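Participant: The structure is given below, and queries will be raised subsequently.
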Amino acid sequence: MRVLLAGAALAAVLAWLVGYPLLVTLLEALRGPAGWTLEGFRAFAERPDEWLALWRSVWISVASVLLSAAVGVPLAFLFERAEFPGRRVLGALVALPVALPPLVGVIAFLFLYGESGFVPRAIQAVTGLDDPPWRLVGAWAILLVHTYSMYVYFYLFTRAGLARLDPAHAEAAASLGAGRLRTLLRVTLPMLRPALAGAAMLTFMTSLASFSAPYIFGGSFRVMTTQITASKLNGEDLAAQVETVTLALVALAGLWLLTRMGGLSFRSGAVRGVAPARRRIASAGGRAAAAAGGWAFAVLLLLPHLTLVLISLVPPGTWTAQAVPPVLDLSNYRAFLDHPERLRPVVNSLWMAGAATFAALALGLGAARAAAGLKRRAAARSATRGGPAGRGPLLGRALEGLLALPWAIPGTVFAIALATTFSVAAPWAGRLVLVGTPWILPLAYLVRSLPLTGRSAIAGLAQVDPALEEAAASLGAGRWRTLRRVVLPLLRPALAAGASLAFITAVGDFVVSIVLYTLDTRPISIEILSSLRVQDLGAAAVYGVLLAVASGAAFLLWGEERRERRSGAGAGGAGA
Amino acid sequence: MAAFLEIDRLSKRFGDLRVLDGVSLAVEEGEVLALLGPSGSGKTTFLRLLAGFETADLGTIRAGGRAVEALPPARRGFGMVFQHYALFPHLTVAGNAAFGLETTGASREEIAERVAEVLALVDLAGFEGRRIEELSGGQQQRVALARALAPRPRLLLLDEPLSNLDPELRERTRRELLEAIRRVGITTVLVTHEQEEAFYLGDRVAILWRGRLQQVGSPEALYERPANRFVAGFIGRSSVLPGTVEAVGEGGRCRVRLAAPAAAREAPVWEALLPPEPEGAAARPGAPVELVVRPESLRLLPRGEAAAGALPGRVAVRRYGGPLTYYRVVLDGGAEAGEGVRVIVVLAPAGAAAGGEAVLVAPRADGPPPRAFPAAGEAR
């Protein structure tokens with residue numbers, strides 16, 4: 001009974017935070033001055049620029065998937081299957097972009113490959129050209145940044161998939177006369193399908209929701225996310241709402257399609273297997289080539305971030321026409337200490353991301369626990385009855401679905417949905433005026449973090465034997481003591497992972513912030529944008545470095561947990 | 001000795017399935033009661049109701065004269081050893097043993113003292129700082145017992161305490177477990193599906209089937225005087241022969257005419273015992289019954305030897321087993337006579353017959369007599 005009540009209460013809170021704003025936005029988009037109308041959608045359908053933005057969103061996402069796969073999959077094979085000097089360190093470095101907020105990557109790219117970036121200047125200096133050799137703008141620029149930041153999904157998923165493959169399958173193919181290419185095409189790649197489909201889905205969804213790259217590099221090339229934000233900033237609320245509903249539908253349709261095509265389930269868990277032996281590359285030349293290729297790629301990957309650090313050391317107004325900056329010092333950093341108001345966005349980002357992470361952790365854990373409790377109850381019943389286990393009770397599935405929903409919905413959609421819902425004072429309808437207050441951004445970050453904390457809590461709880469809680473109860477521990485002494489210590493690694501990812505997402509957020517920020521609550525990302533606008537590249541770079549440091553610290557914290565866990569201190573599961 | 005634990009008409013249903021149906025039981029102070037039943041019989045639910053992890057639909061549980069069914073598990077003061085032990089993997093051996101003491105208001109020294117005491121009881125002194133994953137299965141089992149006993153519970157609950165151990169470890173652990181329980185003198189309820197375990201550990205054994213208590217008694221009583229057809233078949237090895245009651249005598253004695261193969265000249269008649277009321281009440285002359293016969297109550301004779309009530313058959317399997325050899329005899333014409341008259345199991349000296357030999361099977365005068373149960377009597 002208690003678990004039912006708790007589950008219902010949590011489902012209500014989640015529905016209010018996650019589902020309700022989307023519903024309100026849909027209803028607003030359908031409501032005209034004189035009642036229900038499809039006027040907004042008719043206007044949308046008649047504007048060619050809307051169709052163009054929609055089309056671009058879709059093809060950019062598909063192209064991002066293909067390009068990311070083209071980079072990530074071969075890289076995964078290289079690092080998983082070959083043995084060469086420096087493989088371990090490089091293998092970790094190559095996964096780095098996943099730990100950095102998209103905006104940091106975008107401005108790092110700007111500083112490196114943008115019109116006045118290092119590479120064009122170097123080319124100008126060498127060739128004597130008057131104009132920069134290219135302008136980093138339009139579709140190809142977006143695709144470049146997308147590929148750079150999203151190949152990681154294919155890389156990580158493929159490596160994990162390869163590590164789980166039983167080498168006996170490839171050996172069986174070889175014994176049946178299949179050559180290496182045939183084995184790859186007919187055995188290895190088909191067996192990697194779940195991993196590849198998972199990476200494709202993640203890349204497609206991330207790309208569809210991508211905002212920083214199109215916003216900075218898009219120029220007149222508008223995709224749905226930038227189109228929505230432009231409409232909103234222009235005060236065209238109805239258009240923004242209709243566009244938002246459309247993008248949400250496209251995202252859900254894409255998710256549905258990819259899930260079906262890949263034969264995936266949302267909760268497809270990792271399966272342990274035997275790792276195949278890594279093949280040492282036989283020829284010395286091949287080994288050297290693999291090592292050189294690996295190193296070159298790692299440097300290429302790290303270059304934008306090194307550039308970011310370098311730019312942060314260039315004093316304002318000292319770098320004009322030279323190929324390399326003539327002066328490097330700490331004056332940009334010093335300016336931060338001299339002008340405390342510059343630290344304001346940093347403080348804002350840290351407290352808002354911290355609060356959102358904490359709340360998302362509590363809510364995600366609570367909902368995951370309620371869902372697990374409901375499922376356990378149902379399973380116990382059907383087991384006694386001898387029937388099939390089933391998919392669990394409706395309420396439990398609703399909780400898990402609500403936790404996962406913000407992952408499937410682009411951030412821009414949530415930004416508009418929250419802006420629409422929480423700009424009206426109608427407490428009886430669950431709507432408060434939060435837009436313009438310091439609470440809207442932490443709330444928005446919280447919603448966006450829920451899938452991360454929720455999924456890690458669900459995964460963590462699945463590893464904890466329910467009998468442990470019963471054992472604590474039989475030893476006289478109440479609910480809180482059981483939670484504090486047994487459940488939380490066992491969930492610590494999973495929760496740390498969820499929390500650090502949630503914090504990284506929130507502290508570097510740009511897509512939601514640009515719609516919902518106020519002057520007093522402007523986060524780092526918004527300040528980076530305004531610094532860029534006034535050509536204060538040094539300040540923008542310093543903010544970028546601070547953001548990277550904050551994200552890196554959160555990432556390391558998680559790594560620390562993982563190490564501790566590996567050493568055995570916090571192994572979950574039954575003691576059998 | 002007074003009954004410490006009194007359970008009255010305990011019932012629990014999940015949906016429309018009656019998992020427990022009016023179970024009443026009393027356990028004496030210091031007694032070890034083993035609850036034995038096949039899987040799905042409701043025994044785990046029974047234990048979980050006692051522990052407080054499930055709530056009964058009906059019925060009462062009294063411990064030491066106080067009703068406990070409204071108390072949450074944490075306030076019942078019952079210690080429990082879980083099937084997979086459920087040791088806390090993030091705590092040490094001492095941390096696990098101390099867990100239940102930390103809410104009792106005991107001082108740090110008192111806790112340490114009690115932890116040392118219970119670990120010594122299970123022969124794990126010196127293991128305080130070990131991590132759970134470093135322990136063998138048997139050691140984990142003992143930590144689980146020490147943890148459950150540390151807060152001095154009023155009742156100890158054991159859920160399949162030995163099922164997780166290797167067979168060779170099981171016998172030793174069983175002995176140590178019983179020694180520890182006897183030394184503490186604690187009232188214990190244990191659940192198992194293994195007859196040998198229940199007979200070894202339990203002062204009394206309660207048989208549960210389909211949510212109902214079938215019989216409670218000493219191992220000897222269960223084996224020699226089963227209350228119904230289920231208990232007779234569930235406890236020990238036996239063969240089943242259908243027949244009809246021919247005459248009913250004093251003290252539940254009766255004569256049963258066995259359903260014989262069509263080829264037989266006359267159907268043999270065996271002496272049997274009827275179960276006590278109410279099971280035995282239906283047995284009037286002419287009533288169909290099933291005869292449950294223990295293998296050691298039978299003997300093998302060479303063909304041609306005259307013996308009253310002998311059934312002709314052929315030894316299909318002969319397995320040497322030391323003092324008594326196991327014979328599986330396929331009865332002649334069994335197939336035509338239908339249900340169940342095909343095979344019969346006999347324990348007899350090694351020289352009684354050779355494999356494949358044609359023999360006669362007859363009841364022994366000195367063995368436990370066959371039991372006759374009403375044939376429809378798949379006890380409800």
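Order determines the names: the first chain of the structure tokens is A, the second B, and so forth; residues in each chain are numbered 1 upward, and ligands are numbered 1 upward as they are shown.
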List every residue of segment 112-199 of chain A that DSSP, applied to the backbone, labels as helix (DSSP H, G or I), and write the result as a PyMOL selection string.
Facilitator: chain A and resi 112-113+118-127+139-164+167-175+180-191+193-199
Participant: Which of these residues is nearest to Ser423 of chain A, using only C-alpha atoms: A:Leu516, A:Leu328, A:Leu184, A:Ala457?
Facilitator: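 Looking only at the distances to Ser423 of chain A, the closest residue turns out to be A:Leu516.
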Participant: Taking only C-alpha atoms into account, what are the residues of chain B at most 7 Å from chain A, put as a list in words?
Facilitator: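 Here they are: Phe14, Leu17, Gly40, Pro73, Ala74, Arg75, Phe78, Gly79, Met80, His84, Tyr85, Ala86, Leu87, Phe88, Pro89, His90, Gly100, Thr103, Ile132 and Glu133 of chain B.
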Participant: So which one's closest to Val359 of chain B, B:Arg303, B:Arg342, B:Arg182, B:Arg210? Using only C-alpha atoms, please.
Facilitator: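 Under the stated criterion, the closest residue is B:Arg303.
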